[in-house]
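Below is entry.json, which holds JSON, C-alpha atoms.
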```json
[["chain", "number", "residue", "atom", "x", "y", "z"],
["A", 535, "MET", "CA", 18.51, -36.45, -21.57],
["A", 536, "THR", "CA", 16.96, -37.50, -18.27],
["A", 537, "GLY", "CA", 13.21, -37.88, -17.83],
["A", 538, "ARG", "CA", 11.33, -37.57, -14.59],
["A", 539, "THR", "CA", 9.74, -40.89, -13.72],
["A", 540, "ILE", "CA", 6.93, -41.14, -11.21],
["A", 541, "HIS", "CA", 7.35, -44.21, -9.06],
["A", 542, "TRP", "CA", 3.72, -45.00, -8.34],
["A", 543, "TYR", "CA", 4.62, -47.82, -5.96],
["A", 544, "LYS", "CA", 5.72, -45.27, -3.40],
["A", 545, "TYR", "CA", 2.03, -44.49, -2.81],
["A", 546, "ALA", "CA", 1.59, -47.98, -1.41],
["A", 547, "SER", "CA", 3.20, -46.46, 1.68],
["A", 548, "PRO", "CA", 0.57, -44.88, 3.95],
["A", 549, "GLY", "CA", 2.88, -41.95, 4.64],
["A", 550, "ASN", "CA", 3.22, -40.98, 0.99],
["A", 551, "LEU", "CA", -0.45, -41.71, 0.37],
["A", 552, "TYR", "CA", -1.35, -39.40, 3.26],
["A", 553, "ARG", "CA", 0.55, -36.53, 1.65],
["A", 554, "LEU", "CA", -0.85, -37.20, -1.84],
["A", 555, "ALA", "CA", -4.41, -37.35, -0.52],
["A", 556, "GLY", "CA", -3.93, -34.02, 1.26],
["A", 557, "GLN", "CA", -2.77, -32.39, -1.96],
["A", 558, "LEU", "CA", -5.65, -33.79, -4.00],
["A", 559, "ILE", "CA", -8.59, -33.01, -1.69],
["A", 560, "PRO", "CA", -9.02, -29.31, -2.62],
["A", 561, "TRP", "CA", -9.01, -30.18, -6.34],
["A", 562, "PHE", "CA", -12.13, -32.28, -5.85],
["A", 563, "ALA", "CA", -13.91, -30.52, -2.98],
["A", 564, "ALA", "CA", -14.13, -27.13, -4.69],
["A", 565, "PRO", "CA", -15.49, -28.45, -8.03],
["A", 566, "ALA", "CA", -17.95, -30.62, -6.09],
["A", 567, "ALA", "CA", -19.41, -27.58, -4.32],
["A", 568, "LEU", "CA", -19.61, -25.64, -7.58],
["A", 569, "LEU", "CA", -21.15, -28.48, -9.57],
["A", 570, "PHE", "CA", -23.71, -29.22, -6.84],
["A", 571, "THR", "CA", -24.79, -25.57, -6.85],
["A", 572, "ILE", "CA", -25.13, -25.44, -10.64],
["A", 573, "GLY", "CA", -26.76, -28.85, -10.93],
["A", 574, "LEU", "CA", -29.32, -28.20, -8.19],
["A", 575, "TYR", "CA", -30.25, -24.82, -9.65],
["A", 576, "LEU", "CA", -30.69, -26.24, -13.14],
["A", 577, "GLY", "CA", -32.52, -29.32, -11.93],
["A", 578, "LEU", "CA", -34.94, -27.55, -9.62],
["A", 579, "PHE", "CA", -35.61, -24.26, -11.42],
["A", 580, "VAL", "CA", -34.51, -24.44, -15.07],
["A", 581, "ALA", "CA", -35.30, -27.94, -16.36],
["A", 582, "PRO", "CA", -38.89, -28.12, -17.65],
["A", 583, "ALA", "CA", -41.54, -30.31, -16.08],
["A", 584, "ASP", "CA", -42.09, -33.76, -17.57],
["A", 585, "PHE", "CA", -45.29, -34.11, -19.59],
["A", 586, "GLN", "CA", -46.22, -37.37, -17.80],
["A", 587, "GLN", "CA", -44.74, -37.07, -14.32],
["A", 588, "GLY", "CA", -44.87, -33.31, -13.91],
["A", 589, "ASP", "CA", -42.40, -32.04, -11.33],
["A", 590, "ALA", "CA", -42.19, -35.44, -9.59],
["A", 591, "TYR", "CA", -39.45, -36.47, -12.04],
["A", 592, "ARG", "CA", -37.06, -33.91, -10.47],
["A", 593, "VAL", "CA", -36.23, -36.55, -7.86],
["A", 594, "LEU", "CA", -34.22, -38.10, -10.71],
["A", 595, "PHE", "CA", -31.51, -35.47, -10.27],
["A", 596, "VAL", "CA", -30.55, -36.92, -6.88],
["A", 597, "HIS", "CA", -31.82, -40.49, -7.27],
["A", 598, "VAL", "CA", -29.87, -41.45, -10.41],
["A", 599, "PRO", "CA", -26.50, -40.01, -9.26],
["A", 600, "ALA", "CA", -26.94, -41.67, -5.87],
["A", 601, "ALA", "CA", -27.71, -45.03, -7.47],
["A", 602, "TRP", "CA", -24.75, -44.78, -9.84],
["A", 603, "MET", "CA", -22.38, -43.82, -7.05],
["A", 604, "GLY", "CA", -23.63, -46.65, -4.86],
["A", 605, "MET", "CA", -22.80, -49.17, -7.57],
["A", 606, "LEU", "CA", -19.54, -47.60, -8.75],
["A", 607, "LEU", "CA", -18.15, -47.17, -5.26],
["A", 608, "TYR", "CA", -18.87, -50.83, -4.48],
["A", 609, "VAL", "CA", -16.95, -51.92, -7.59],
["A", 610, "LEU", "CA", -14.04, -49.71, -6.52],
["A", 611, "LEU", "CA", -14.28, -51.05, -2.98],
["A", 612, "ALA", "CA", -14.12, -54.62, -4.24],
["A", 613, "PHE", "CA", -11.16, -53.73, -6.48],
["A", 614, "TYR", "CA", -9.13, -52.15, -3.68],
["A", 615, "ALA", "CA", -10.08, -54.87, -1.21],
["A", 616, "ALA", "CA", -8.96, -57.54, -3.70],
["A", 617, "ILE", "CA", -5.63, -55.74, -4.30],
["A", 618, "GLY", "CA", -5.11, -55.39, -0.56],
["A", 619, "TRP", "CA", -5.89, -59.09, -0.06],
["A", 620, "ALA", "CA", -3.77, -60.37, -2.96],
["A", 621, "PHE", "CA", -0.69, -58.21, -2.32],
["A", 622, "ASN", "CA", -1.08, -57.70, 1.43],
["A", 623, "ALA", "CA", -1.16, -53.97, 0.70],
["A", 624, "ARG", "CA", -2.42, -52.15, 3.78],
["A", 625, "ALA", "CA", -2.94, -48.88, 1.91],
["A", 626, "SER", "CA", -5.24, -50.58, -0.58],
["A", 627, "SER", "CA", -7.32, -52.11, 2.20],
["A", 628, "MET", "CA", -7.58, -48.72, 3.88],
["A", 629, "MET", "CA", -8.85, -47.29, 0.62],
["A", 630, "ALA", "CA", -11.56, -49.98, 0.53],
["A", 631, "SER", "CA", -12.57, -49.10, 4.09],
["A", 632, "SER", "CA", -12.68, -45.41, 3.17],
["A", 633, "LEU", "CA", -15.02, -46.10, 0.25],
["A", 634, "SER", "CA", -17.48, -48.20, 2.22],
["A", 635, "ILE", "CA", -19.30, -45.56, 4.26],
["A", 636, "THR", "CA", -19.76, -43.14, 1.37],
["A", 637, "GLY", "CA", -21.01, -45.95, -0.86],
["A", 638, "ALA", "CA", -23.47, -47.06, 1.82],
["A", 639, "ILE", "CA", -24.80, -43.51, 2.20],
["A", 640, "PHE", "CA", -25.35, -43.17, -1.54],
["A", 641, "THR", "CA", -27.06, -46.56, -1.77],
["A", 642, "PHE", "CA", -29.34, -45.61, 1.14],
["A", 643, "LEU", "CA", -30.15, -42.33, -0.60],
["A", 644, "ALA", "CA", -30.88, -44.18, -3.84],
["A", 645, "LEU", "CA", -33.40, -46.39, -2.03],
["A", 646, "VAL", "CA", -35.07, -43.59, -0.09],
["A", 647, "THR", "CA", -35.29, -41.16, -3.03],
["A", 648, "GLY", "CA", -36.48, -44.07, -5.15],
["A", 649, "SER", "CA", -39.34, -44.56, -2.68],
["A", 650, "LEU", "CA", -40.13, -40.86, -2.79],
["A", 651, "TRP", "CA", -40.24, -41.07, -6.56],
["A", 652, "GLY", "CA", -42.14, -44.36, -6.61],
["A", 653, "ARG", "CA", -45.00, -43.18, -4.40],
["A", 654, "PRO", "CA", -46.38, -40.54, -6.80],
["A", 655, "THR", "CA", -45.48, -42.46, -10.00],
["A", 656, "TRP", "CA", -46.06, -46.14, -9.13],
["A", 657, "GLY", "CA", -48.50, -45.52, -6.29],
["A", 658, "ALA", "CA", -46.35, -47.49, -3.85],
["A", 659, "TRP", "CA", -43.50, -46.64, -1.47],
["A", 660, "TRP", "CA", -41.84, -49.98, -2.19],
["A", 661, "VAL", "CA", -42.18, -52.90, -4.61],
["A", 662, "TRP", "CA", -40.10, -56.07, -4.66],
["A", 663, "ASP", "CA", -38.90, -55.24, -8.13],
["A", 664, "ALA", "CA", -35.64, -56.80, -9.40],
["A", 665, "ARG", "CA", -33.74, -53.53, -9.35],
["A", 666, "THR", "CA", -35.03, -52.27, -6.01],
["A", 667, "THR", "CA", -34.44, -55.65, -4.36],
["A", 668, "SER", "CA", -30.91, -56.00, -5.71],
["A", 669, "THR", "CA", -30.13, -52.42, -4.62],
["A", 670, "LEU", "CA", -31.37, -53.29, -1.13],
["A", 671, "ILE", "CA", -29.01, -56.29, -1.19],
["A", 672, "LEU", "CA", -26.21, -53.88, -2.15],
["A", 673, "LEU", "CA", -26.97, -51.82, 0.97],
["A", 674, "PHE", "CA", -26.83, -55.00, 3.07],
["A", 675, "LEU", "CA", -23.45, -55.83, 1.50],
["A", 676, "TYR", "CA", -22.11, -52.41, 2.45],
["A", 677, "ILE", "CA", -23.43, -52.74, 6.00],
["A", 678, "GLY", "CA", -21.98, -56.26, 6.16],
["A", 679, "PHE", "CA", -18.57, -55.05, 5.01],
["A", 680, "ILE", "CA", -18.50, -52.19, 7.53],
["A", 681, "SER", "CA", -19.74, -54.40, 10.37],
["A", 682, "LEU", "CA", -17.30, -57.20, 9.57],
["A", 683, "GLN", "CA", -14.33, -54.84, 9.56],
["A", 684, "SER", "CA", -15.46, -53.24, 12.81],
["A", 685, "ALA", "CA", -15.99, -56.59, 14.53],
["A", 686, "ILE", "CA", -12.45, -57.91, 14.02],
["A", 687, "ASP", "CA", -9.73, -56.34, 16.14],
["A", 688, "ASP", "CA", -6.73, -57.38, 14.08],
["A", 689, "PRO", "CA", -6.61, -55.02, 11.07],
["A", 690, "ARG", "CA", -5.03, -57.60, 8.73],
["A", 691, "ARG", "CA", -7.69, -60.21, 9.50],
["A", 692, "ALA", "CA", -10.39, -57.56, 9.21],
["A", 693, "ASP", "CA", -9.08, -56.56, 5.78],
["A", 694, "ARG", "CA", -9.04, -60.18, 4.57],
["A", 695, "ALA", "CA", -12.54, -60.93, 5.84],
["A", 696, "GLY", "CA", -13.90, -57.74, 4.31],
["A", 697, "ALA", "CA", -12.17, -58.50, 1.03],
["A", 698, "VAL", "CA", -13.85, -61.89, 0.75],
["A", 699, "LEU", "CA", -17.27, -60.34, 1.29],
["A", 700, "ALA", "CA", -16.54, -57.48, -1.11],
["A", 701, "VAL", "CA", -15.29, -59.71, -3.93],
["A", 702, "VAL", "CA", -18.18, -62.17, -3.61],
["A", 703, "GLY", "CA", -20.73, -59.37, -3.39],
["A", 704, "VAL", "CA", -19.52, -57.50, -6.47],
["A", 705, "VAL", "CA", -21.53, -59.91, -8.63],
["A", 706, "ASN", "CA", -24.61, -57.99, -7.41],
["A", 707, "VAL", "CA", -23.60, -54.82, -9.27],
["A", 708, "PRO", "CA", -24.13, -56.14, -12.82],
["A", 709, "ILE", "CA", -27.32, -57.78, -11.57],
["A", 710, "ILE", "CA", -28.59, -54.34, -10.51],
["A", 711, "TYR", "CA", -27.54, -52.77, -13.80],
["A", 712, "PHE", "CA", -28.95, -55.42, -16.14],
["A", 713, "SER", "CA", -32.01, -56.31, -14.05],
["A", 714, "VAL", "CA", -34.25, -54.02, -16.10],
["A", 715, "GLN", "CA", -33.23, -55.96, -19.25],
["A", 716, "TRP", "CA", -33.22, -59.49, -17.83],
["A", 717, "TRP", "CA", -36.53, -59.37, -16.00],
["A", 718, "SER", "CA", -39.91, -57.78, -16.52],
["A", 719, "THR", "CA", -39.57, -54.98, -13.97],
["A", 720, "LEU", "CA", -41.58, -51.99, -12.88],
["A", 721, "HIS", "CA", -38.42, -49.90, -12.80],
["A", 722, "GLN", "CA", -37.78, -47.98, -16.01],
["A", 723, "GLY", "CA", -34.86, -48.83, -18.26],
["A", 724, "ALA", "CA", -31.60, -46.95, -18.59],
["A", 725, "THR", "CA", -32.00, -43.29, -19.49],
["A", 726, "ILE", "CA", -28.35, -42.76, -20.28],
["A", 727, "ARG", "CA", -26.80, -45.41, -22.47],
["A", 728, "ILE", "CA", -23.08, -45.89, -22.91],
["A", 729, "ALA", "CA", -23.64, -47.15, -26.48],
["A", 730, "GLY", "CA", -26.51, -45.47, -28.22],
["A", 731, "GLU", "CA", -28.54, -42.31, -27.95],
["A", 732, "THR", "CA", -30.21, -41.20, -24.77],
["A", 733, "THR", "CA", -33.94, -40.64, -24.73],
["A", 734, "MET", "CA", -33.68, -37.62, -22.45],
["A", 735, "PRO", "CA", -33.84, -34.06, -23.84],
["A", 736, "GLY", "CA", -30.83, -31.83, -23.34],
["A", 737, "SER", "CA", -32.51, -29.51, -20.85],
["A", 738, "MET", "CA", -32.96, -32.45, -18.49],
["A", 739, "LEU", "CA", -29.80, -34.35, -19.40],
["A", 740, "ALA", "CA", -27.47, -31.44, -18.62],
["A", 741, "PRO", "CA", -28.40, -31.05, -14.93],
["A", 742, "LEU", "CA", -28.37, -34.84, -14.53],
["A", 743, "LEU", "CA", -24.83, -35.12, -15.89],
["A", 744, "ILE", "CA", -23.71, -32.15, -13.76],
["A", 745, "MET", "CA", -25.14, -33.79, -10.64],
["A", 746, "ILE", "CA", -23.42, -37.08, -11.49],
["A", 747, "ALA", "CA", -20.12, -35.22, -11.88],
["A", 748, "ALA", "CA", -20.76, -33.39, -8.59],
["A", 749, "CYS", "CA", -21.34, -36.67, -6.77],
["A", 750, "TRP", "CA", -18.13, -38.07, -8.28],
["A", 751, "MET", "CA", -16.07, -35.09, -7.12],
["A", 752, "TYR", "CA", -17.72, -35.16, -3.69],
["A", 753, "SER", "CA", -17.07, -38.89, -3.30],
["A", 754, "ILE", "CA", -13.40, -38.57, -4.17],
["A", 755, "ALA", "CA", -12.96, -35.67, -1.74],
["A", 756, "VAL", "CA", -14.65, -37.31, 1.25],
["A", 757, "VAL", "CA", -13.01, -40.69, 0.59],
["A", 758, "LEU", "CA", -9.59, -39.03, 0.59],
["A", 759, "VAL", "CA", -10.39, -37.17, 3.84],
["A", 760, "ARG", "CA", -11.51, -40.44, 5.45],
["A", 761, "LEU", "CA", -8.42, -42.19, 4.14],
["A", 762, "ARG", "CA", -6.22, -39.60, 5.83],
["A", 763, "CYS", "CA", -8.13, -40.08, 9.08],
["A", 764, "LEU", "CA", -7.69, -43.86, 8.81],
["A", 765, "ILE", "CA", -3.96, -43.52, 8.18],
["A", 766, "LEU", "CA", -3.59, -41.35, 11.28],
["A", 767, "GLU", "CA", -5.70, -43.65, 13.42],
["A", 768, "THR", "CA", -4.20, -46.99, 12.46],
["A", 769, "GLY", "CA", -0.58, -46.00, 12.67],
["A", 770, "ARG", "CA", 1.42, -42.87, 12.51],
["A", 771, "PRO", "CA", 3.22, -42.68, 9.15],
["A", 772, "ARG", "CA", 6.95, -42.31, 9.42],
["A", 773, "SER", "CA", 7.11, -38.68, 8.30],
["A", 774, "ALA", "CA", 3.48, -37.55, 8.60],
["A", 775, "PRO", "CA", 3.10, -33.86, 9.42],
["A", 776, "THR", "CA", 1.38, -32.91, 12.68],
["A", 777, "SER", "CA", -0.64, -30.13, 11.03],
["B", 362, "MET", "CA", -44.46, -28.10, -7.56],
["B", 363, "GLY", "CA", -47.99, -28.61, -6.38],
["B", 364, "ASP", "CA", -48.78, -32.09, -5.12],
["B", 365, "TYR", "CA", -45.25, -33.31, -5.70],
["B", 366, "ALA", "CA", -43.50, -30.76, -3.47],
["B", 367, "PHE", "CA", -43.28, -33.15, -0.50],
["B", 368, "TYR", "CA", -41.61, -35.86, -2.58],
["B", 369, "VAL", "CA", -39.21, -33.62, -4.49],
["B", 370, "TRP", "CA", -38.17, -31.38, -1.63],
["B", 371, "GLY", "CA", -38.12, -34.35, 0.71],
["B", 372, "SER", "CA", -35.58, -36.07, -1.56],
["B", 373, "TYR", "CA", -33.36, -33.02, -1.77],
["B", 374, "VAL", "CA", -33.50, -32.26, 1.95],
["B", 375, "LEU", "CA", -32.68, -35.88, 2.83],
["B", 376, "THR", "CA", -29.75, -35.83, 0.42],
["B", 377, "LEU", "CA", -28.49, -32.59, 1.92],
["B", 378, "ILE", "CA", -28.77, -34.00, 5.45],
["B", 379, "ALA", "CA", -27.00, -37.24, 4.52],
["B", 380, "LEU", "CA", -24.12, -35.72, 2.59],
["B", 381, "GLY", "CA", -23.81, -32.69, 4.84],
["B", 382, "GLY", "CA", -23.84, -34.93, 7.89],
["B", 383, "GLU", "CA", -21.08, -37.06, 6.40],
["B", 384, "VAL", "CA", -18.93, -33.98, 5.84],
["B", 385, "VAL", "CA", -19.53, -32.68, 9.39],
["B", 386, "VAL", "CA", -18.70, -36.05, 10.97],
["B", 387, "LEU", "CA", -15.57, -36.37, 8.86],
["B", 388, "LEU", "CA", -14.32, -32.89, 9.70],
["B", 389, "ARG", "CA", -14.83, -33.55, 13.43],
["B", 390, "ARG", "CA", -12.99, -36.85, 13.11],
["B", 391, "ARG", "CA", -10.12, -35.14, 11.29],
["B", 392, "ARG", "CA", -9.89, -32.47, 13.98],
["B", 393, "ALA", "CA", -9.81, -35.12, 16.73],
["B", 394, "ASP", "CA", -7.15, -37.14, 14.89],
["B", 395, "ARG", "CA", -4.96, -34.09, 14.37],
["B", 396, "SER", "CA", -5.16, -33.06, 18.02],
["B", 397, "THR", "CA", -4.29, -36.64, 19.06],
["B", 398, "THR", "CA", -1.32, -36.64, 16.68],
["B", 399, "ALA", "CA", -0.17, -33.28, 18.06],
["B", 400, "GLU", "CA", -0.48, -34.60, 21.63],
["B", 401, "ASP", "CA", 1.53, -37.72, 20.71],
["B", 402, "ALA", "CA", 4.27, -35.54, 19.21],
["B", 403, "GLU", "CA", 4.31, -33.40, 22.36],
["B", 404, "VAL", "CA", 4.63, -36.47, 24.59],
["B", 405, "ARG", "CA", 7.45, -37.83, 22.44],
["B", 406, "LYS", "CA", 9.30, -34.53, 22.75],
["B", 407, "GLN", "CA", 9.01, -34.65, 26.54],
["B", 408, "VAL", "CA", 10.20, -38.25, 26.95],
["B", 409, "GLN", "CA", 13.11, -37.93, 24.57],
["B", 410, "PRO", "CA", 16.40, -37.33, 26.41]]
```

Taking this structure as input, can you express it in the form of structure tokens?
Amino acid sequence: MTGRTIHWYKYASPGNLYRLAGQLIPWFAAPAALLFTIGLYLGLFVAPADFQQGDAYRVLFVHVPAAWMGMLLYVLLAFYAAIGWAFNARASSMMASSLSITGAIFTFLALVTGSLWGRPTWGAWWVWDARTTSTLILLFLYIGFISLQSAIDDPRRADRAGAVLAVVGVVNVPIIYFSVQWWSTLHQGATIRIAGETTMPGSMLAPLLIMIAACWMYSIAVVLVRLRCLILETGRPRSAPTS
Amino acid sequence: MGDYAFYVWGSYVLTLIALGGEVVVLLRRRRADRSTTAEDAEVRKQVQP
């Protein structure tokens, strides 16, 4: 009896990765559009107003997913950059580059929507709180990674330099996450806990989880599209299609 | 939404602009890359004996 074995190492080749990415994109783009529609409808029109914050809390449905994606994409970026650095795997470094812009956009959105939420609730557009400050540092790390890669002509050297920055900077992600526990901060604690019950009622939790899933699907889709663009731009794969 | 409309709608509109803008830029980039790849293939066909 013969079994069909998938040789995952073949996707280290940009050509094969290009094809795989093209096949996967629709499977994430379509659910992203659907989940965004459902999540936005539930968050804006169905979820009840908060008894303390009123309707101001609805910013949560874009702020929390953006903040999560900013952190998660940086961890993924650091992972792929480290793999690309350690094994000299060009495809892995391209994946890190593809993740950087989307992660930066989400981190920027987390900061801006956080300000828009902070103004009516804290009375200030910005405070040098542990979480807000460390999230700002995360944005600087993203910008630094993108700038560093753009500034170096040789792609291999650019990948290595970016990898060093990414790996060193990843220590900031647990600082962001645990800052509300380690320091006395203005920012509220975690609403959704991995271990333990959440304090949020179901009518609010459901749209939040749907929006988080939507942002995940969206991120995967756009990162794969960018990866395909990068593969085409940095070198034509051996058997890449022209359409 | 009363007094909070500016903050809530402002957040959602900014998010739409940011993510929508990313998609538009990416699609334009993909179109440009594909046309460049097609041009390269055309040139290779012409120079091949």

Within 6 Å of chain B, which residues of chain A show up? Give each one with its shortest atom-to-atom distance in Å (one decimal) and the two atoms involved, counting only C-alpha atoms, rows by chain then rising residue number, as a tab-separated table.
```
residue	atom	partner	partner_atom	distance
A:Asp589	CA	B:Met362	CA	5.8
A:Ala590	CA	B:Tyr365	CA	5.4
A:Val593	CA	B:Val369	CA	5.4
A:Thr647	CA	B:Ser372	CA	5.3
A:Leu650	CA	B:Tyr368	CA	5.2
A:Cys763	CA	B:Arg391	CA	5.8
A:Thr776	CA	B:Ala399	CA	5.6
```

- Item | A:Ala630, A:Leu766, A:Ala658, A:Ile639 ranked by distance to Ile378 of chain B, top pick (using all atoms listed in the file) |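 Nearest candidate to Ile378 of chain B out of A:Ala630, A:Leu766, A:Ala658, A:Ile639: A:Ile639.
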
- Separation of atom CA of Pro599 of chain A from atom CA of Trp750 of chain A in Å: 8.6 Å

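Atom pair atom CA of Gly577 of chain A / atom CA of Ser649 of chain A: separated by 19.1 Å.
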
- Task: Measure the distance from atom CA of Leu643 of chain A to atom CA of Ala600 of chain A in Å and round it to one decimal.
- Result: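 Atom-to-atom, atom CA of Leu643 of chain A and atom CA of Ala600 of chain A are spaced 6.2 Å apart.
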
- Query: Which residue out of A:Ser626, A:Gln715, A:Thr641, A:Thr666 has the minimum interatomic distance to Leu551 of chain A when only C-alpha atoms are used?
  - Reply: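 Distance minimum relative to Leu551 of chain A lands on A:Ser626.
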
- Message: Quick one: residues within 8 Å of Tyr608 of chain A, only C-alpha atoms, excluding same-chain residues fewer than 3 positions away - as a list in words?
- Response: Gly604, Met605, Leu611, Ala612, Leu633, Ser634, Gly637, Tyr676, Ala700, Val704 and Val707 of chain A

- Query: Hey, what's within 8 Å of Val580 of chain A if we count all atoms listed in the file and toss same-chain stuff fewer than 4 positions away? As a VMD selection string, please?
  - Reply: chain A and resid 575 to 576 737

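Ranking A:Val701, A:Ala555, A:Leu672, A:Leu574 by their shortest atom-to-atom distance to Leu377 of chain B, with only C-alpha atoms included, puts A:Leu574 first.
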
- Task: Please provide as a PyMOL selection string all residues within 8 Å of Ser631 of chain A, with the sequence filter that same-chain residues fewer than 4 positions apart are discarded (counting all atoms listed in the file).
- Result: chain A and resi 611+627+635+680

Atoms added to segment 662-669 of chain A (all heavy atoms), reported as a JSON list (two decimals), keeping the file's coordinate frame:
```
[["chain", "number", "residue", "atom", "x", "y", "z"],
["A", 662, "TRP", "N", -41.21, -55.11, -4.61],
["A", 662, "TRP", "CA", -40.10, -56.07, -4.66],
["A", 662, "TRP", "C", -39.73, -56.33, -6.12],
["A", 662, "TRP", "O", -39.79, -57.44, -6.63],
["A", 662, "TRP", "CB", -40.48, -57.36, -3.94],
["A", 662, "TRP", "CG", -40.59, -57.17, -2.46],
["A", 662, "TRP", "CD1", -41.73, -57.06, -1.74],
["A", 662, "TRP", "CD2", -39.49, -57.03, -1.54],
["A", 662, "TRP", "NE1", -41.42, -56.86, -0.41],
["A", 662, "TRP", "CE2", -40.06, -56.85, -0.26],
["A", 662, "TRP", "CE3", -38.09, -57.04, -1.65],
["A", 662, "TRP", "CZ2", -39.29, -56.67, 0.88],
["A", 662, "TRP", "CZ3", -37.33, -56.88, -0.51],
["A", 662, "TRP", "CH2", -37.92, -56.69, 0.74],
["A", 663, "ASP", "N", -39.36, -55.24, -6.75],
["A", 663, "ASP", "CA", -38.90, -55.24, -8.13],
["A", 663, "ASP", "C", -37.46, -55.73, -8.16],
["A", 663, "ASP", "O", -36.76, -55.65, -7.16],
["A", 663, "ASP", "CB", -39.01, -53.77, -8.61],
["A", 663, "ASP", "CG", -38.38, -53.53, -9.93],
["A", 663, "ASP", "OD1", -39.02, -53.85, -10.94],
["A", 663, "ASP", "OD2", -37.26, -53.01, -9.96],
["A", 664, "ALA", "N", -37.01, -56.26, -9.32],
["A", 664, "ALA", "CA", -35.64, -56.80, -9.40],
["A", 664, "ALA", "C", -34.59, -55.75, -9.05],
["A", 664, "ALA", "O", -33.63, -56.01, -8.31],
["A", 664, "ALA", "CB", -35.39, -57.34, -10.81],
["A", 665, "ARG", "N", -34.75, -54.55, -9.60],
["A", 665, "ARG", "CA", -33.74, -53.53, -9.35],
["A", 665, "ARG", "C", -33.77, -53.03, -7.91],
["A", 665, "ARG", "O", -32.73, -52.86, -7.28],
["A", 665, "ARG", "CB", -33.92, -52.36, -10.32],
["A", 665, "ARG", "CG", -32.91, -51.24, -10.06],
["A", 665, "ARG", "CD", -32.74, -50.32, -11.23],
["A", 665, "ARG", "NE", -31.79, -50.85, -12.20],
["A", 665, "ARG", "CZ", -31.34, -50.16, -13.25],
["A", 665, "ARG", "NH1", -31.80, -48.95, -13.47],
["A", 665, "ARG", "NH2", -30.48, -50.70, -14.08],
["A", 666, "THR", "N", -34.95, -52.78, -7.38],
["A", 666, "THR", "CA", -35.03, -52.27, -6.01],
["A", 666, "THR", "C", -34.53, -53.32, -5.02],
["A", 666, "THR", "O", -33.81, -52.99, -4.07],
["A", 666, "THR", "CB", -36.48, -51.88, -5.64],
["A", 666, "THR", "OG1", -37.34, -53.00, -5.87],
["A", 666, "THR", "CG2", -36.95, -50.70, -6.47],
["A", 667, "THR", "N", -34.87, -54.58, -5.27],
["A", 667, "THR", "CA", -34.44, -55.65, -4.36],
["A", 667, "THR", "C", -32.93, -55.83, -4.41],
["A", 667, "THR", "O", -32.28, -55.96, -3.37],
["A", 667, "THR", "CB", -35.14, -56.97, -4.72],
["A", 667, "THR", "OG1", -36.55, -56.76, -4.73],
["A", 667, "THR", "CG2", -34.79, -58.06, -3.73],
["A", 668, "SER", "N", -32.37, -55.82, -5.61],
["A", 668, "SER", "CA", -30.91, -56.00, -5.71],
["A", 668, "SER", "C", -30.17, -54.79, -5.15],
["A", 668, "SER", "O", -29.06, -54.93, -4.62],
["A", 668, "SER", "CB", -30.49, -56.30, -7.15],
["A", 668, "SER", "OG", -31.04, -55.37, -8.04],
["A", 669, "THR", "N", -30.75, -53.61, -5.23],
["A", 669, "THR", "CA", -30.13, -52.42, -4.62],
["A", 669, "THR", "C", -30.19, -52.52, -3.10],
["A", 669, "THR", "O", -29.24, -52.13, -2.40],
["A", 669, "THR", "CB", -30.81, -51.13, -5.10],
["A", 669, "THR", "OG1", -30.80, -51.09, -6.52],
["A", 669, "THR", "CG2", -30.11, -49.90, -4.56]]
```
